[in-house]
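Structure below is protein.cif: mmCIF, C-alpha atoms.
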```cif
data_model
#
loop_
_atom_site.label_atom_id
_atom_site.label_comp_id
_atom_site.auth_asym_id
_atom_site.auth_seq_id
_atom_site.Cartn_x
_atom_site.Cartn_y
_atom_site.Cartn_z
CA MET S 1 99.77 164.88 -29.21
CA THR S 2 98.80 163.86 -25.67
CA GLU S 3 95.60 162.10 -24.67
CA GLU S 4 94.58 165.25 -22.82
CA THR S 5 95.00 167.32 -25.96
CA ASP S 6 93.01 164.79 -28.02
CA GLU S 7 90.14 165.22 -25.59
CA ILE S 8 90.39 169.01 -25.78
CA ILE S 9 90.34 168.97 -29.58
CA GLU S 10 87.19 166.85 -29.48
CA ARG S 11 85.57 169.44 -27.22
CA PHE S 12 86.58 172.13 -29.69
CA ARG S 13 85.11 170.10 -32.53
CA GLU S 14 81.75 169.86 -30.72
CA HIS S 15 81.79 173.53 -29.67
CA LEU S 16 82.68 174.82 -33.14
CA ASP S 17 80.02 172.60 -34.71
CA ARG S 18 77.40 174.37 -32.58
CA GLN S 19 78.82 177.70 -33.82
CA GLY S 20 78.44 176.63 -37.46
CA PHE S 21 82.01 175.50 -38.17
CA THR S 22 83.07 172.00 -39.18
CA LEU S 23 86.62 171.35 -38.03
CA SER S 24 88.74 169.32 -40.46
CA ARG S 25 92.46 168.80 -41.02
CA LYS S 26 95.40 170.21 -39.10
CA LEU S 27 97.38 172.85 -41.00
CA GLY S 28 100.30 173.44 -38.65
CA SER S 29 101.35 174.22 -35.10
CA GLY S 30 103.68 176.46 -33.14
CA SER S 31 104.58 177.40 -29.60
CA PHE S 32 101.32 179.32 -29.11
CA GLY S 33 98.79 177.03 -30.73
CA THR S 34 97.63 174.72 -33.49
CA VAL S 35 95.88 175.78 -36.69
CA TYR S 36 93.10 173.72 -38.30
CA LYS S 37 91.13 174.17 -41.46
CA ALA S 38 87.36 174.37 -41.02
CA GLU S 39 84.24 174.99 -43.06
CA GLN S 40 81.89 177.84 -42.17
CA ARG S 41 78.68 176.14 -43.21
CA SER S 42 76.44 179.23 -43.36
CA LEU S 43 78.64 180.88 -46.00
CA GLY S 44 80.14 177.78 -47.57
CA ARG S 45 83.69 179.02 -47.17
CA SER S 46 86.90 177.72 -45.64
CA VAL S 47 88.32 179.36 -42.53
CA ALA S 48 91.35 178.78 -40.32
CA VAL S 49 90.87 178.02 -36.62
CA LYS S 50 93.81 178.70 -34.33
CA ILE S 51 93.45 176.80 -31.05
CA PHE S 52 95.50 177.47 -27.96
CA THR S 53 96.77 173.95 -27.40
CA GLY S 54 99.69 171.60 -28.11
CA ASP S 55 102.95 172.49 -26.35
CA SER S 56 101.38 175.39 -24.48
CA PHE S 57 100.14 173.38 -21.51
CA PRO S 58 100.16 174.05 -18.65
CA ILE S 59 98.86 177.47 -19.62
CA SER S 60 101.02 180.40 -18.49
CA PRO S 61 99.18 183.73 -18.21
CA ASP S 62 101.78 185.49 -20.36
CA VAL S 63 101.53 183.00 -23.24
CA LYS S 64 97.74 182.97 -23.08
CA ASP S 65 97.68 186.78 -23.15
CA ARG S 66 99.87 186.78 -26.28
CA PHE S 67 97.51 184.34 -27.99
CA GLU S 68 94.38 186.34 -27.16
CA LYS S 69 96.05 189.60 -28.14
CA GLU S 70 96.64 188.39 -31.72
CA ALA S 71 92.97 188.64 -32.71
CA ARG S 72 92.56 192.09 -31.17
CA LEU S 73 95.62 193.39 -33.00
CA LEU S 74 94.44 192.01 -36.35
CA SER S 75 90.97 193.46 -35.85
CA LYS S 76 92.46 196.97 -35.78
CA VAL S 77 93.70 196.85 -39.40
CA GLU S 78 92.27 195.72 -42.74
CA HIS S 79 94.63 195.09 -45.65
CA PRO S 80 94.92 192.44 -48.43
CA SER S 81 98.29 191.37 -47.00
CA LEU S 82 96.85 190.75 -43.53
CA PRO S 83 94.35 188.01 -42.59
CA TYR S 84 91.00 189.16 -41.22
CA VAL S 85 89.41 187.77 -38.04
CA VAL S 86 85.98 186.11 -38.26
CA THR S 87 85.32 185.56 -34.55
CA VAL S 88 86.94 184.51 -31.27
CA GLY S 89 85.84 182.36 -28.37
CA ALA S 90 86.90 179.90 -25.68
CA VAL S 91 86.14 176.33 -24.64
CA LYS S 92 86.03 175.31 -20.99
CA SER S 93 88.15 172.32 -19.96
CA ASP S 94 88.81 171.40 -16.31
CA GLU S 95 88.12 174.93 -15.07
CA ARG S 96 90.34 176.41 -17.80
CA GLN S 97 89.10 178.68 -20.53
CA ILE S 98 91.06 177.72 -23.65
CA PRO S 99 90.82 180.44 -26.32
CA TYR S 100 90.57 180.10 -30.10
CA ILE S 101 90.52 182.42 -33.10
CA VAL S 102 88.60 181.88 -36.33
CA MET S 103 90.22 183.80 -39.16
CA GLN S 104 90.57 184.01 -42.91
CA PHE S 105 91.87 180.84 -44.55
CA ILE S 106 94.89 181.58 -46.73
CA SER S 107 95.38 178.96 -49.43
CA GLY S 108 98.91 178.34 -50.63
CA GLY S 109 102.23 177.64 -48.95
CA SER S 110 104.70 179.76 -47.05
CA LEU S 111 107.56 181.80 -48.45
CA ASP S 112 109.82 179.44 -46.51
CA ASP S 113 108.43 176.48 -48.50
CA LEU S 114 109.10 178.35 -51.74
CA LEU S 115 112.70 179.05 -50.74
CA VAL S 116 113.26 175.38 -49.94
CA ARG S 117 112.20 174.55 -53.50
CA GLU S 118 113.72 177.47 -55.42
CA LYS S 119 116.66 178.48 -53.15
CA LYS S 120 116.42 182.09 -54.40
CA LEU S 121 114.03 184.23 -56.46
CA PRO S 122 114.38 186.58 -59.47
CA LEU S 123 114.71 190.26 -58.63
CA GLY S 124 111.23 191.15 -59.93
CA SER S 125 109.46 188.38 -58.00
CA ALA S 126 111.33 189.16 -54.78
CA SER S 127 110.56 192.87 -55.10
CA GLU S 128 106.86 192.25 -55.68
CA ILE S 129 106.55 190.05 -52.57
CA ILE S 130 108.35 192.61 -50.41
CA VAL S 131 106.34 195.56 -51.79
CA GLN S 132 103.10 193.75 -50.89
CA LEU S 133 104.45 192.93 -47.45
CA LEU S 134 105.46 196.56 -46.88
CA GLY S 135 101.94 197.65 -47.85
CA GLY S 136 100.57 195.54 -45.01
CA LEU S 137 103.20 196.89 -42.61
CA GLU S 138 102.39 200.46 -43.62
CA ALA S 139 98.76 199.85 -42.61
CA LEU S 140 99.86 198.22 -39.33
CA HIS S 141 102.35 200.90 -38.40
CA LYS S 142 99.87 203.69 -39.09
CA ARG S 143 97.72 202.09 -36.38
CA GLN S 144 100.88 201.80 -34.23
CA VAL S 145 100.93 198.00 -34.37
CA LEU S 146 104.22 196.08 -34.64
CA HIS S 147 104.61 192.48 -35.78
CA ARG S 148 108.09 191.69 -34.34
CA ASP S 149 108.37 188.23 -35.92
CA ILE S 150 108.73 188.73 -39.68
CA LYS S 151 110.36 185.73 -41.34
CA PRO S 152 109.63 183.56 -44.42
CA ASN S 153 107.68 181.02 -42.35
CA ASN S 154 105.22 183.77 -41.33
CA ILE S 155 104.58 184.93 -44.90
CA LEU S 156 102.04 182.99 -46.96
CA LEU S 157 101.74 183.23 -50.75
CA SER S 158 98.19 182.94 -52.03
CA GLU S 159 96.94 183.70 -55.54
CA GLY S 160 99.72 186.18 -56.21
CA ARG S 161 99.42 187.87 -52.83
CA ALA S 162 101.89 187.83 -49.91
CA VAL S 163 100.09 187.65 -46.55
CA LEU S 164 101.74 188.24 -43.17
CA ILE S 165 100.51 185.88 -40.44
CA ASP S 166 101.17 184.98 -36.77
CA PHE S 167 100.89 188.07 -34.60
CA SER S 168 101.69 186.22 -31.38
CA LEU S 169 104.65 188.56 -30.78
CA GLY S 170 102.75 191.60 -32.06
CA VAL S 171 102.19 194.67 -29.93
CA SER S 172 100.44 198.03 -29.97
CA LEU S 173 102.60 201.09 -29.31
CA LYS S 174 99.51 203.06 -28.43
CA TYR S 175 98.27 202.31 -24.93
CA GLU S 176 95.22 200.09 -24.98
CA PRO S 177 94.41 197.58 -22.21
CA GLY S 178 95.61 194.12 -23.24
CA LEU S 179 97.37 195.32 -26.39
CA THR S 180 100.44 197.16 -25.12
CA ARG S 181 103.92 195.78 -24.97
CA GLY S 182 103.64 192.97 -22.40
CA THR S 183 107.42 192.65 -22.66
CA MET S 184 109.80 193.20 -19.77
CA LYS S 185 112.54 195.78 -20.21
CA GLY S 186 115.71 194.09 -21.46
CA GLN S 187 113.82 191.07 -22.84
CA GLY S 188 114.69 190.11 -26.41
CA LEU S 189 112.18 188.61 -28.83
CA GLY S 190 112.20 187.15 -32.33
CA VAL S 191 114.45 184.87 -34.36
CA PRO S 192 118.09 186.11 -34.28
CA ASP S 193 118.54 185.72 -38.06
CA TYR S 194 115.73 188.21 -38.70
CA ALA S 195 115.28 190.32 -35.54
CA SER S 196 116.94 193.74 -35.43
CA PRO S 197 119.78 194.38 -32.96
CA GLU S 198 117.57 196.53 -30.74
CA GLN S 199 114.80 193.92 -30.73
CA GLN S 200 117.21 191.21 -29.63
CA ALA S 201 118.57 193.45 -26.88
CA ASP S 202 115.33 195.02 -25.63
CA ALA S 203 112.09 194.29 -27.51
CA GLN S 204 110.26 196.79 -25.32
CA SER S 205 112.08 199.67 -26.99
CA CYS S 206 111.23 198.70 -30.60
CA ASP S 207 109.39 200.82 -33.12
CA GLY S 208 108.34 200.19 -36.72
CA ARG S 209 111.92 200.28 -37.95
CA ALA S 210 112.53 196.91 -36.26
CA ASP S 211 109.97 195.34 -38.62
CA LEU S 212 111.64 197.07 -41.58
CA TYR S 213 114.99 195.57 -40.61
CA SER S 214 113.42 192.10 -40.66
CA VAL S 215 111.89 192.78 -44.08
CA GLY S 216 115.33 193.83 -45.34
CA VAL S 217 116.79 190.51 -44.18
CA VAL S 218 113.98 188.59 -45.89
CA LEU S 219 114.59 190.52 -49.11
CA PHE S 220 118.28 189.66 -48.96
CA GLU S 221 117.43 185.99 -48.38
CA LEU S 222 115.08 185.91 -51.37
CA LEU S 223 117.90 187.15 -53.62
CA ALA S 224 120.94 185.47 -52.06
CA GLY S 225 119.44 182.23 -50.72
CA HIS S 226 120.63 182.76 -47.12
CA THR S 227 120.55 185.36 -44.31
CA ARG S 228 124.29 185.82 -43.71
CA PHE S 229 124.58 189.29 -45.20
CA ASN S 230 127.60 191.58 -45.08
CA LEU S 231 126.60 195.23 -45.48
CA SER S 232 130.03 196.20 -46.83
CA ASP S 233 129.95 193.60 -49.61
CA LEU S 234 126.27 193.24 -50.54
CA GLU S 235 126.81 193.70 -54.28
CA ASN S 236 129.01 190.60 -54.50
CA GLN S 237 126.77 188.60 -52.19
CA LEU S 238 123.66 189.33 -54.24
CA GLY S 239 125.21 188.54 -57.62
CA THR S 240 124.57 189.76 -61.14
CA GLY S 241 121.31 191.67 -61.60
CA ALA S 242 120.22 191.52 -57.98
CA GLU S 243 123.13 193.74 -56.87
CA ALA S 244 120.96 196.67 -57.95
CA LEU S 245 119.07 196.22 -54.68
CA ALA S 246 122.18 196.39 -52.52
CA SER S 247 121.63 200.04 -51.59
CA VAL S 248 118.01 199.33 -50.61
CA ILE S 249 118.93 196.38 -48.40
CA ARG S 250 121.93 198.21 -46.96
CA ARG S 251 119.72 201.01 -45.71
CA ALA S 252 116.98 198.71 -44.39
CA CYS S 253 119.45 196.59 -42.41
CA GLN S 254 121.56 199.25 -40.73
CA ALA S 255 122.39 198.34 -37.11
CA ASP S 256 121.55 201.93 -36.14
CA ARG S 257 117.82 202.29 -36.68
CA GLU S 258 118.18 206.04 -37.22
CA GLN S 259 119.93 205.23 -40.52
CA ARG S 260 117.17 202.91 -41.81
CA TYR S 261 114.07 203.86 -43.77
CA SER S 262 111.87 205.92 -41.51
CA ASN S 263 108.69 204.08 -42.48
CA ALA S 264 107.32 201.27 -44.66
CA ALA S 265 106.14 203.66 -47.39
CA GLU S 266 109.65 205.03 -47.87
CA PHE S 267 111.04 201.48 -48.11
CA ARG S 268 108.30 200.49 -50.56
CA ASP S 269 108.91 203.54 -52.76
CA ALA S 270 112.58 202.55 -53.05
CA LEU S 271 111.49 199.18 -54.47
CA ASP S 272 108.73 200.33 -56.84
CA VAL S 273 111.16 200.93 -59.69
CA PHE S 274 112.23 197.27 -59.68
CA LEU S 275 108.73 195.86 -60.23
CA VAL S 276 108.28 196.78 -63.90
CA ALA S 277 111.72 198.01 -64.82
CA GLY S 278 113.50 194.99 -63.37
CA SER S 279 113.88 193.38 -66.77
CA HIS S 280 115.58 196.51 -68.09
CA LEU S 281 118.22 196.87 -65.38
CA ASP S 282 120.90 195.64 -67.74
CA GLN S 283 120.26 198.64 -70.02
CA GLU S 284 123.00 201.13 -69.16
CA GLU S 285 122.53 203.74 -71.85
CA GLY S 286 120.75 207.08 -71.83
CA PRO S 287 119.97 209.71 -69.19
CA GLY S 288 119.60 208.61 -65.57
CA LEU S 289 117.87 209.97 -62.47
CA CYS S 290 118.80 209.22 -58.84
CA VAL S 291 115.42 209.10 -57.06
CA ASN S 292 116.92 209.25 -53.56
CA ARG S 293 115.79 212.66 -52.29
CA ILE S 294 118.37 212.79 -49.51
CA CYS S 295 121.29 211.76 -51.74
CA SER S 296 124.42 213.77 -50.95
CA ALA S 297 125.08 214.17 -54.69
CA ALA S 298 121.66 215.74 -55.35
CA SER S 299 121.42 219.46 -56.07
CA TRP S 300 121.46 221.43 -52.78
CA SER S 301 121.53 225.19 -52.22
CA THR S 302 124.22 226.91 -50.15
CA GLY S 303 121.61 227.07 -47.39
CA SER S 304 121.08 223.27 -47.58
CA TYR S 305 117.71 223.47 -49.36
CA TYR S 306 116.86 220.72 -51.85
CA PHE S 307 117.13 221.98 -55.43
CA GLY S 308 116.46 218.67 -57.16
CA PRO S 309 117.74 215.13 -57.76
CA ARG S 310 120.99 214.15 -59.42
CA PHE S 311 120.40 213.83 -63.16
CA GLU S 312 123.09 212.72 -65.62
CA GLU S 313 123.12 212.47 -69.42
CA ASN S 314 124.90 209.11 -69.42
CA PRO S 315 125.83 208.16 -65.86
CA THR S 316 127.58 205.10 -64.52
CA LYS S 317 125.45 202.27 -63.11
CA PHE S 318 125.27 203.55 -59.52
CA CYS S 319 125.04 207.03 -58.04
CA GLU S 320 128.27 208.11 -56.37
CA GLY S 321 126.36 210.03 -53.71
CA CYS S 322 124.17 207.28 -52.25
CA GLY S 323 125.03 204.06 -54.08
CA GLY S 324 121.54 203.75 -55.54
CA ARG S 325 120.97 202.64 -59.11
CA PHE S 326 120.14 205.37 -61.63
CA LEU S 327 116.58 205.21 -62.96
CA ARG S 328 116.65 205.33 -66.77
CA ARG S 329 113.12 204.22 -67.64
CA CYS S 330 109.54 204.78 -66.54
CA PRO S 331 108.73 202.15 -63.87
CA LYS S 332 105.27 201.67 -65.40
CA CYS S 333 105.74 201.50 -69.17
CA SER S 334 109.57 201.26 -69.44
CA ALA S 335 109.83 204.28 -71.74
CA PRO S 336 113.35 205.82 -71.53
CA LEU S 337 113.78 209.15 -69.74
CA PRO S 338 114.40 212.02 -72.18
CA ALA S 339 117.36 214.35 -71.58
CA SER S 340 114.88 217.23 -71.21
CA SER S 341 113.77 215.71 -67.89
CA ARG S 342 116.62 217.61 -66.23
CA ASN S 343 114.82 220.92 -66.81
CA ARG S 344 111.76 219.67 -64.91
CA VAL S 345 113.38 218.27 -61.80
CA THR S 346 116.67 220.09 -61.11
CA ARG S 347 117.68 223.69 -60.47
CA HIS S 348 121.17 224.93 -59.71
CA ALA S 349 120.53 228.57 -58.77
CA LYS S 350 117.76 230.63 -57.17
CA SER S 351 117.16 232.37 -60.49
CA GLU S 352 115.99 229.09 -62.04
CA PRO S 353 112.45 227.69 -61.68
CA ASP S 354 111.73 225.47 -58.68
CA ALA S 355 112.19 221.74 -59.10
CA GLY S 356 108.94 220.12 -60.21
CA SER S 357 107.40 216.69 -60.54
CA LEU S 358 108.44 214.46 -63.42
CA PHE S 359 105.81 212.54 -65.40
CA CYS S 360 106.45 209.97 -68.11
CA VAL S 361 106.04 211.51 -71.58
CA GLU S 362 104.55 208.22 -72.86
CA CYS S 363 102.05 207.07 -70.21
CA GLY S 364 101.83 209.99 -67.77
CA HIS S 365 103.04 207.97 -64.77
CA LEU S 366 104.45 210.06 -61.89
CA ILE S 367 108.14 209.15 -61.93
CA PHE S 368 109.49 211.66 -59.43
CA GLU S 369 107.91 214.20 -57.10
CA ALA S 370 109.97 217.03 -55.65
CA PRO S 371 109.58 217.33 -51.86
CA VAL S 372 107.90 220.60 -50.92
CA CYS S 373 106.29 222.01 -47.79
CA LYS S 374 102.57 221.19 -47.69
CA THR S 375 101.94 224.54 -45.96
CA CYS S 376 103.94 227.12 -47.91
CA GLY S 377 105.12 225.21 -50.99
CA SER S 378 108.80 225.87 -50.31
CA LEU S 379 111.54 223.41 -51.18
CA LEU S 380 112.80 221.66 -48.07
CA LYS S 381 115.87 220.99 -46.04
CA LYS S 382 116.74 217.34 -45.43
CA ALA S 383 115.41 217.38 -41.85
CA ASP S 384 111.96 218.60 -43.00
CA MET S 385 111.50 215.85 -45.59
CA SER S 386 110.37 213.32 -42.97
CA ALA S 387 108.24 215.83 -41.04
CA ASN S 388 104.49 216.43 -41.33
CA THR S 389 104.72 219.80 -43.04
CA GLU S 390 100.96 219.89 -43.59
CA GLU S 391 100.47 220.33 -39.83
CA GLY S 392 103.76 221.82 -38.66
CA GLY S 393 105.10 223.62 -41.72
CA CYS S 394 108.80 223.75 -42.53
CA GLU S 395 111.76 225.76 -41.28
CA LYS S 396 110.71 228.73 -43.43
#
```
So that I can check it, write out the structure of this file as structure tokens.
Amino acid sequence: MTEETDEIIERFREHLDRQGFTLSRKLGSGSFGTVYKAEQRSLGRSVAVKIFTGDSFPISPDVKDRFEKEARLLSKVEHPSLPYVVTVGAVKSDERQIPYIVMQFISGGSLDDLLVREKKLPLGSASEIIVQLLGGLEALHKRQVLHRDIKPNNILLSEGRAVLIDFSLGVSLKYEPGLTRGTMKGQGLGVPDYASPEQQADAQSCDGRADLYSVGVVLFELLAGHTRFNLSDLENQLGTGAEALASVIRRACQADREQRYSNAAEFRDALDVFLVAGSHLDQEEGPGLCVNRICSAASWSTGSYYFGPRFEENPTKFCEGCGGRFLRRCPKCSAPLPASSRNRVTRHAKSEPDAGSLFCVECGHLIFEAPVCKTCGSLLKKADMSANTEEGGCEK
């Protein structure tokens, strides 16, 4: 740290003291600033103070804009997997206004630290971390905010909760002064190991599926211990037990974003089954249900309408239509699926009853919900499953 920076930090210490914060130890630093722990005396709680300093001098307008944008992006969304902002401000130094952000203090280390110690994680633990992360991304993407820098070092683990931090590369897709892209056409952003192909080529053209690609890479790393995935051989790369997630990762990490999950909720739903039922994945007996609603081996009418999921009395481990693992137990209570479930969820002719939702006979948990039009109640074609049928209806 330079003498100039030491002097600036002292000015911050004095300024923050007047604002009711006692600056203490340094927590870490990056290209956009340095993070310190502080005490908010009025409430007796710890906070994190991110100061625009360190390697960022002399200040470039672009870098400063990215720093200041982080707080405004975070203030748009509230979620347990996202830190909240307490306040923002700036300290004057030699005619420069140096910004800072006071935000929630997240105790605990990073996911990167955990991987250094453990190398890889069990399927259930990895799935839980990713499901929490996807919950935060769902909230962000609904407000049209992208993160664009998802990697283990930007994920903190605190009291059983995964928290996504560092929005310095974040952006709002919805036009708002100071929050929009700020990226030149053709400029790539992010770490190559985690950034999607389109983000590396032209970050200005990204949408939420770029973040989902990065999450898919992180999930693979949690299970395999590295990021060098091969989509054609994921099962062998993941190893025994974890290979059940190969189809999930394969879809999340497609080079063509049109083939990925369309949103964070869809990605999260694909992982839900592994949270509770993970310990029963080695059980290969009994009826099985493929929960992928766009599976080519599902039941489809001659007019391409969805008649229901693929259901087998005693199927092989993976569905031949989509490669997904057959669900054999309730994700909540692990009760086995009865053979009679077929009558609830699958039809094979127009004369049969429509496919319905499937609830666990033991605990009542919703295991599968047939996709229907929110306007007319009709079963859907594949193209309508991702549409807002409540507002626009379906093809019928």
Inset, instruction - I need the residue set behind the PyMOL selection byres ((chain S and resi 12) around 9) for this file; please write it as a PyMOL selection string. - result: chain S and resi 7-11+13-17+23+51+90-91+100
Inset, instruction - Evaluate the PyMOL selection byres ((chain S and resi 191) around 9) on the structure here and hand back the selected residues as a PyMOL selection string. - result: chain S and resi 149-151+189-190+192-195+200
Inset, instruction - For the structure provided, state which residues fall under the PyMOL selection byres ((chain S and resi 373) around 12), and present them as a list of chain:residue names. - result: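 Selected by the PyMOL selection byres ((chain S and resi 373) around 12) in this file: S:Tyr305, S:Tyr306, S:Ala370, S:Pro371, S:Val372, S:Lys374, S:Thr375, S:Cys376, S:Gly377, S:Ser378, S:Leu379, S:Leu380, S:Lys381, S:Lys382, S:Ala383, S:Asp384, S:Met385, S:Ser386, S:Ala387, S:Asn388, S:Thr389, S:Glu390, S:Glu391, S:Gly392, S:Gly393, S:Cys394, S:Glu395, S:Lys396.
Of note, atom CA of Thr34 of chain S and atom CA of Ala48 of chain S are spaced 10.1 Å apart.
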Inset, instruction - For Asp256 of chain S, please output as an MDAnalysis selection string all residues within 10 Å (counting all atoms listed in the file; exclusion window: fewer than 6 positions along the same chain). - result: chainID S and resid 196:198 209
Inset, instruction - Would you mind listing what lies within 12 Å of Phe267 of chain S as a PyMOL selection string, with all atoms listed in the file counted and same-chain residues fewer than 5 positions away left out? - result: chain S and resi 127+130-135+137-138+208-209+211-213+215-216+219+245+247-253+260-262+272-273+292
Residues from the last selection, C-alpha atoms, saved as a PDB file, keeping the file's coordinate frame:
```
ATOM      1  CA  SER S 127     110.560 192.870 -55.100  1.00  0.00           C
ATOM      2  CA  ILE S 130     108.350 192.610 -50.410  1.00  0.00           C
ATOM      3  CA  VAL S 131     106.340 195.560 -51.790  1.00  0.00           C
ATOM      4  CA  GLN S 132     103.100 193.750 -50.890  1.00  0.00           C
ATOM      5  CA  LEU S 133     104.450 192.930 -47.450  1.00  0.00           C
ATOM      6  CA  LEU S 134     105.460 196.560 -46.880  1.00  0.00           C
ATOM      7  CA  GLY S 135     101.940 197.650 -47.850  1.00  0.00           C
ATOM      8  CA  LEU S 137     103.200 196.890 -42.610  1.00  0.00           C
ATOM      9  CA  GLU S 138     102.390 200.460 -43.620  1.00  0.00           C
ATOM     10  CA  GLY S 208     108.340 200.190 -36.720  1.00  0.00           C
ATOM     11  CA  ARG S 209     111.920 200.280 -37.950  1.00  0.00           C
ATOM     12  CA  ASP S 211     109.970 195.340 -38.620  1.00  0.00           C
ATOM     13  CA  LEU S 212     111.640 197.070 -41.580  1.00  0.00           C
ATOM     14  CA  TYR S 213     114.990 195.570 -40.610  1.00  0.00           C
ATOM     15  CA  VAL S 215     111.890 192.780 -44.080  1.00  0.00           C
ATOM     16  CA  GLY S 216     115.330 193.830 -45.340  1.00  0.00           C
ATOM     17  CA  LEU S 219     114.590 190.520 -49.110  1.00  0.00           C
ATOM     18  CA  LEU S 245     119.070 196.220 -54.680  1.00  0.00           C
ATOM     19  CA  SER S 247     121.630 200.040 -51.590  1.00  0.00           C
ATOM     20  CA  VAL S 248     118.010 199.330 -50.610  1.00  0.00           C
ATOM     21  CA  ILE S 249     118.930 196.380 -48.400  1.00  0.00           C
ATOM     22  CA  ARG S 250     121.930 198.210 -46.960  1.00  0.00           C
ATOM     23  CA  ARG S 251     119.720 201.010 -45.710  1.00  0.00           C
ATOM     24  CA  ALA S 252     116.980 198.710 -44.390  1.00  0.00           C
ATOM     25  CA  CYS S 253     119.450 196.590 -42.410  1.00  0.00           C
ATOM     26  CA  ARG S 260     117.170 202.910 -41.810  1.00  0.00           C
ATOM     27  CA  TYR S 261     114.070 203.860 -43.770  1.00  0.00           C
ATOM     28  CA  SER S 262     111.870 205.920 -41.510  1.00  0.00           C
ATOM     29  CA  ASP S 272     108.730 200.330 -56.840  1.00  0.00           C
ATOM     30  CA  VAL S 273     111.160 200.930 -59.690  1.00  0.00           C
ATOM     31  CA  ASN S 292     116.920 209.250 -53.560  1.00  0.00           C
TER      32      ASN S 292
END
```
Inset, instruction - Rank S:Ala162, S:Cys330, S:Ala210, S:Leu123 by their smallest atom-to-atom distance to Gly241 of chain S, using only C-alpha atoms, and report the top residue only. - result: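 Ranked by minimum distance to Gly241 of chain S, first place goes to S:Leu123.
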Legend entry - Option closest in space to Ala71 of chain S, from S:Ile165, S:Lys37, S:Arg143, S:Arg45 [counting only C-alpha atoms]: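 Of the candidates, the smallest distance to Ala71 of chain S is held by S:Ile165.
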Legend entry - Test item: residues at most 10 Å from Ile129 of chain S, all atoms listed in the file, excluding those fewer than 6 positions along its chain, as a list in words: Leu111, Ile155, Leu157, Gly160, Arg161, Ala162, Val163, Leu219, Leu222 and Leu275 of chain S
File dump, residues just selected, C-alpha atoms, as an mmCIF file, keeping the file's coordinate frame:
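File written: result-v1.cif
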```
data_model
loop_
_atom_site.group_PDB
_atom_site.id
_atom_site.type_symbol
_atom_site.label_atom_id
_atom_site.label_comp_id
_atom_site.auth_asym_id
_atom_site.auth_seq_id
_atom_site.Cartn_x
_atom_site.Cartn_y
_atom_site.Cartn_z
ATOM 1 C CA LEU S 111 107.560 181.800 -48.450
ATOM 2 C CA ILE S 155 104.580 184.930 -44.900
ATOM 3 C CA LEU S 157 101.740 183.230 -50.750
ATOM 4 C CA GLY S 160 99.720 186.180 -56.210
ATOM 5 C CA ARG S 161 99.420 187.870 -52.830
ATOM 6 C CA ALA S 162 101.890 187.830 -49.910
ATOM 7 C CA VAL S 163 100.090 187.650 -46.550
ATOM 8 C CA LEU S 219 114.590 190.520 -49.110
ATOM 9 C CA LEU S 222 115.080 185.910 -51.370
ATOM 10 C CA LEU S 275 108.730 195.860 -60.230
#
```
Legend entry - Distance in Å - atom CA of Val77 of chain S versus atom CA of Ala265 of chain S: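 Separating atom CA of Val77 of chain S from atom CA of Ala265 of chain S is a distance of 16.3 Å.
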Inset, instruction - Select, from S:Arg293, S:Arg66, S:Arg257, S:Arg41, the residue with the minimum atom-to-atom distance to Val171 of chain S, counting all atoms listed in the file. - result: S:Arg66
Legend entry - Test item: residues at most 10 Å from Arg344 of chain S, all atoms listed in the file, excluding those fewer than 2 positions along its chain, as a list in words: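 Contacts, in chain order: Gly308, Ser340, Ser341, Arg342, Thr346, Arg347, Pro353, Asp354, Ala355, Gly356, Ser357, Leu358, Phe359, Phe368 and Ala370 of chain S.
If only C-alpha atoms are the atoms counted, then among S:Leu156, S:Ala126, S:Ala201, S:Leu121 the closest residue to Gly225 of chain S is S:Leu121.
Near Gly288 of chain S, within 6 Å and counting all atoms listed in the file, sit S:Phe311, S:Glu312, S:Phe326, S:Leu327, S:Arg328; same-chain residues fewer than 4 positions away were not included.
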As a tab-separated table (two decimals), keeping the file's coordinate frame, the rebuilt segment 359-366 of chain S with N, CA and C atoms:
```tsv
chain	number	residue	atom	x	y	z
S	359	PHE	N	106.76	213.53	-64.91
S	359	PHE	CA	105.81	212.54	-65.40
S	359	PHE	C	106.35	211.92	-66.68
S	360	CYS	N	106.02	210.66	-66.90
S	360	CYS	CA	106.45	209.97	-68.11
S	360	CYS	C	105.79	210.60	-69.33
S	361	VAL	N	106.57	210.88	-70.37
S	361	VAL	CA	106.04	211.51	-71.58
S	361	VAL	C	105.19	210.54	-72.38
S	362	GLU	N	105.31	209.22	-72.11
S	362	GLU	CA	104.55	208.22	-72.86
S	362	GLU	C	103.22	207.86	-72.20
S	363	CYS	N	103.27	207.56	-70.88
S	363	CYS	CA	102.05	207.07	-70.21
S	363	CYS	C	101.53	208.00	-69.12
S	364	GLY	N	102.28	209.05	-68.78
S	364	GLY	CA	101.83	209.99	-67.77
S	364	GLY	C	102.08	209.57	-66.34
S	365	HIS	N	102.76	208.46	-66.12
S	365	HIS	CA	103.04	207.97	-64.77
S	365	HIS	C	103.93	208.96	-64.01
S	366	LEU	N	103.63	209.18	-62.72
S	366	LEU	CA	104.45	210.06	-61.89
S	366	LEU	C	105.75	209.33	-61.56
```
